[in-house]
Structure formats: structure tokens, C-alpha cells
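So this one's input_35.pdb, PDB, C-alpha atoms, pLDDT in the B column:
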```
ATOM      1  CA  ILE A1368       8.635  -1.170   7.257  1.00 66.00           C
ATOM      2  CA  GLU A1369       8.046  -2.992   3.947  1.00 66.00           C
ATOM      3  CA  ALA A1370       7.101  -6.170   5.809  1.00 73.00           C
ATOM      4  CA  ILE A1371       4.722  -4.258   8.051  1.00 72.00           C
ATOM      5  CA  ALA A1372       3.175  -2.534   5.039  1.00 70.00           C
ATOM      6  CA  ARG A1373       2.732  -5.904   3.307  1.00 71.00           C
ATOM      7  CA  VAL A1374       0.902  -7.384   6.282  1.00 73.00           C
ATOM      8  CA  VAL A1375      -1.224  -4.334   7.021  1.00 72.00           C
ATOM      9  CA  ARG A1376      -2.281  -3.766   3.387  1.00 73.00           C
ATOM     10  CA  ARG A1377      -3.855  -7.223   3.414  1.00 77.00           C
ATOM     11  CA  ASP A1378      -6.303  -5.950   6.033  1.00 80.00           C
ATOM     12  CA  LEU A1379      -7.353  -2.801   4.175  1.00 86.00           C
ATOM     13  CA  ASP A1380     -10.989  -2.459   3.209  1.00 87.00           C
ATOM     14  CA  PRO A1381     -11.764  -2.765  -0.525  1.00 88.00           C
ATOM     15  CA  GLY A1382     -12.055   0.996  -1.051  1.00 92.00           C
ATOM     16  CA  ASP A1383      -8.692   1.704   0.545  1.00 92.00           C
ATOM     17  CA  LEU A1384      -7.054  -1.151  -1.349  1.00 92.00           C
ATOM     18  CA  SER A1385      -8.471   0.204  -4.612  1.00 94.00           C
ATOM     19  CA  THR A1386      -7.129   3.680  -3.793  1.00 95.00           C
ATOM     20  CA  LEU A1387      -3.734   2.194  -3.025  1.00 94.00           C
ATOM     21  CA  ALA A1388      -3.763   0.220  -6.306  1.00 95.00           C
ATOM     22  CA  LYS A1389      -4.592   3.349  -8.329  1.00 96.00           C
ATOM     23  CA  TRP A1390      -1.761   5.269  -6.668  1.00 96.00           C
ATOM     24  CA  LEU A1391       0.701   2.415  -7.203  1.00 95.00           C
ATOM     25  CA  THR A1392      -0.240   2.161 -10.878  1.00 95.00           C
ATOM     26  CA  ALA A1393       0.106   5.935 -11.326  1.00 96.00           C
ATOM     27  CA  SER A1394       3.513   5.642  -9.626  1.00 96.00           C
ATOM     28  CA  GLY A1395       4.727   3.095 -12.160  1.00 94.00           C
ATOM     29  CA  VAL A1396       3.836  -0.157 -10.388  1.00 94.00           C
ATOM     30  CA  PRO A1397       0.941  -1.624 -12.419  1.00 94.00           C
ATOM     31  CA  VAL A1398      -1.377  -3.484 -10.063  1.00 94.00           C
ATOM     32  CA  ARG A1399      -5.076  -4.134  -9.754  1.00 93.00           C
ATOM     33  CA  VAL A1400      -7.458  -5.476  -7.141  1.00 92.00           C
ATOM     34  CA  VAL A1401      -9.143  -8.804  -7.857  1.00 89.00           C
ATOM     35  CA  ASP A1402     -11.527 -10.263  -5.290  1.00 89.00           C
ATOM     36  CA  GLY A1403     -10.072  -8.010  -2.589  1.00 87.00           C
ATOM     37  CA  VAL A1404      -6.463  -9.004  -3.308  1.00 87.00           C
ATOM     38  CA  LEU A1405      -3.727  -6.835  -4.792  1.00 87.00           C
ATOM     39  CA  GLN A1406      -2.368  -8.467  -7.950  1.00 90.00           C
ATOM     40  CA  ALA A1407       0.035  -7.571 -10.735  1.00 92.00           C
ATOM     41  CA  ALA A1408      -1.679  -6.125 -13.799  1.00 90.00           C
ATOM     42  CA  SER A1409      -2.011  -8.622 -16.617  1.00 72.00           C
ATOM     43  CA  GLY A1410       1.133  -9.401 -18.540  1.00 70.00           C
ATOM     44  CA  LYS A1411       3.478  -8.330 -15.754  1.00 69.00           C
ATOM     45  CA  PRO A1412       5.668 -10.657 -13.610  1.00 77.00           C
ATOM     46  CA  ALA A1413       3.535 -11.111 -10.499  1.00 88.00           C
ATOM     47  CA  GLN A1414       6.166 -11.645  -7.808  1.00 87.00           C
ATOM     48  CA  GLN A1415       8.426  -8.851  -9.055  1.00 90.00           C
ATOM     49  CA  THR A1416       5.516  -6.414  -9.354  1.00 90.00           C
ATOM     50  CA  LEU A1417       4.150  -7.179  -5.890  1.00 89.00           C
ATOM     51  CA  GLU A1418       7.620  -6.837  -4.373  1.00 89.00           C
ATOM     52  CA  ALA A1419       7.957  -3.445  -6.091  1.00 91.00           C
ATOM     53  CA  ALA A1420       4.536  -2.474  -4.732  1.00 91.00           C
ATOM     54  CA  ASP A1421       5.464  -3.488  -1.190  1.00 89.00           C
ATOM     55  CA  ASP A1422       8.786  -1.665  -1.484  1.00 90.00           C
ATOM     56  CA  LEU A1423       7.123   1.552  -2.651  1.00 93.00           C
ATOM     57  CA  ILE A1424       4.371   1.349  -0.036  1.00 92.00           C
ATOM     58  CA  GLY A1425       6.971   0.660   2.641  1.00 89.00           C
ATOM     59  CA  ARG A1426       9.236   3.541   1.620  1.00 91.00           C
ATOM     60  CA  VAL A1427       6.418   6.076   1.402  1.00 94.00           C
ATOM     61  CA  PHE A1428       4.766   4.791   4.588  1.00 91.00           C
ATOM     62  CA  GLY A1429       8.135   4.959   6.373  1.00 90.00           C
ATOM     63  CA  SER A1430       8.561   8.551   5.211  1.00 94.00           C
ATOM     64  CA  TYR A1431       5.049   9.301   6.458  1.00 94.00           C
ATOM     65  CA  LEU A1432       5.889   7.831   9.866  1.00 91.00           C
ATOM     66  CA  ALA A1433       9.018  10.029   9.907  1.00 94.00           C
ATOM     67  CA  GLY A1434       6.852  13.130   9.504  1.00 95.00           C
ATOM     68  CA  GLU A1435       6.717  13.648   5.742  1.00 97.00           C
ATOM     69  CA  ALA A1436       3.409  14.314   4.029  1.00 97.00           C
ATOM     70  CA  ALA A1437       1.641  11.495   2.230  1.00 96.00           C
ATOM     71  CA  PRO A1438       1.430  11.862  -1.566  1.00 95.00           C
ATOM     72  CA  THR A1439      -2.351  12.404  -1.368  1.00 95.00           C
ATOM     73  CA  GLU A1440      -4.932  13.148   1.299  1.00 96.00           C
ATOM     74  CA  ARG A1441      -6.543   9.751   0.760  1.00 94.00           C
ATOM     75  CA  LEU A1442      -3.176   8.015   1.244  1.00 94.00           C
ATOM     76  CA  ALA A1443      -2.700   9.978   4.469  1.00 95.00           C
ATOM     77  CA  HIS A1444      -5.983   8.481   5.659  1.00 93.00           C
ATOM     78  CA  ILE A1445      -4.857   4.983   4.653  1.00 92.00           C
ATOM     79  CA  PHE A1446      -1.447   5.474   6.287  1.00 91.00           C
ATOM     80  CA  GLU A1447      -3.139   6.583   9.512  1.00 90.00           C
ATOM     81  CA  ARG A1448      -5.144   3.363   9.501  1.00 85.00           C
ATOM     82  CA  MET A1449      -1.970   1.384   8.802  1.00 84.00           C
ATOM     83  CA  LYS A1450      -0.209   3.205  11.639  1.00 84.00           C
ATOM     84  CA  GLU A1451      -3.050   2.395  14.037  1.00 82.00           C
ATOM     85  CA  ALA A1452      -3.046  -1.251  12.935  1.00 75.00           C
ATOM     86  CA  ARG A1453       0.659  -1.675  13.698  1.00 69.00           C
ATOM     87  CA  SER A1454       0.405  -0.056  17.145  1.00 66.00           C
ATOM     88  CA  PRO A1455       0.157  -2.388  20.126  1.00 63.00           C
ATOM     89  CA  ALA A1456      -3.282  -2.526  21.681  1.00 57.00           C
TER      90      ALA A1456
END
```
How does the structure come out when it is put into C-alpha cells?
Amino acid sequence: IEAIARVVRRDLDPGDLSTLAKWLTASGVPVRVVDGVLQAASGKPAQQTLEAADDLIGRVFGSYLAGEAAPTERLAHIFERMKEARSPA
């Protein structure tokens, strides 16, 4: 699921990516969006932070797919879009 989340998050629109970044930061994974790309907040190890972000997104998205509620209504919307994006056409 983490790998799927990593690929799908790259295709999110800027507003959804910004929402995701705010939630990640509030959840203890300090990230920001720069030129439409999720990046570690300044002063943090980039690779480690992005791996933590992908892990958290993957775990929460996996829980959502298993029927648990998303942490926020806006994340539920984003997760629905991610779910649609991973479904075969």
C-alpha cells in the first residue's frame, strides 16, 4: 500500500497535495509542498522524512481501504481519489 500511495500522491492536484502536507506535518512528519512536489521541511533529513510520510500515508490509506474512517473529511476525499486512481480502468 505504501508504494501505491507514493505513486498516487505524485498525481494529486496542488490543493490535495497541500492538504496532505498539512495533515502529515500535524501528524509529526514535517513536510511542505514546493513547486507541486512534497518535500521534507527545511533542516530535516529528506529521504527519511519522505519515507516516514509515505509510510504514514500508506498505513492510513490502507486502513481507509479496510473500512476505517479517514482522519478528516478532506482526507476521505483525497483517499477516494487515490482509490479510484489505483483501480483498473
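Distance-wise, atom CA of A:Gly1410 and atom CA of A:Ala1388 end up 16.3 Å apart.
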Could you tell me, as a VMD selection string, exactly which residues end up selected when the PyMOL selection byres ((chain A and resi 1431-1439) around 12) is applied to this structure? chain A and resid 1368 1372 1386 to 1387 1389 to 1391 1393 to 1394 1423 to 1430 1440 to 1451 1453
Do you know which residues are at most 10 Å from A:Glu1418 counting all atoms listed in the file, after dropping those on the same chain fewer than 5 positions away, and could you put them as a compact mmCIF listing (two decimals) with C-alpha atoms, in the coordinates of the input?
```txt
# COMPACT_ATOMS: atom_id res chain seq x y z
CA GLU A 1369 8.05 -2.99 3.95
CA ARG A 1373 2.73 -5.90 3.31
CA VAL A 1396 3.84 -0.16 -10.39
CA ALA A 1407 0.04 -7.57 -10.74
CA ALA A 1413 3.54 -11.11 -10.50
CA LEU A 1423 7.12 1.55 -2.65
CA ILE A 1424 4.37 1.35 -0.04
```
Could you please determine the separation between atom CA of A:Pro1381 and atom CA of A:Ala1419 in Å, to one decimal place? 20.5 Å
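For the pair atom CA of A:Val1401 and atom CA of A:Asp1421, the interatomic distance is 16.9 Å.
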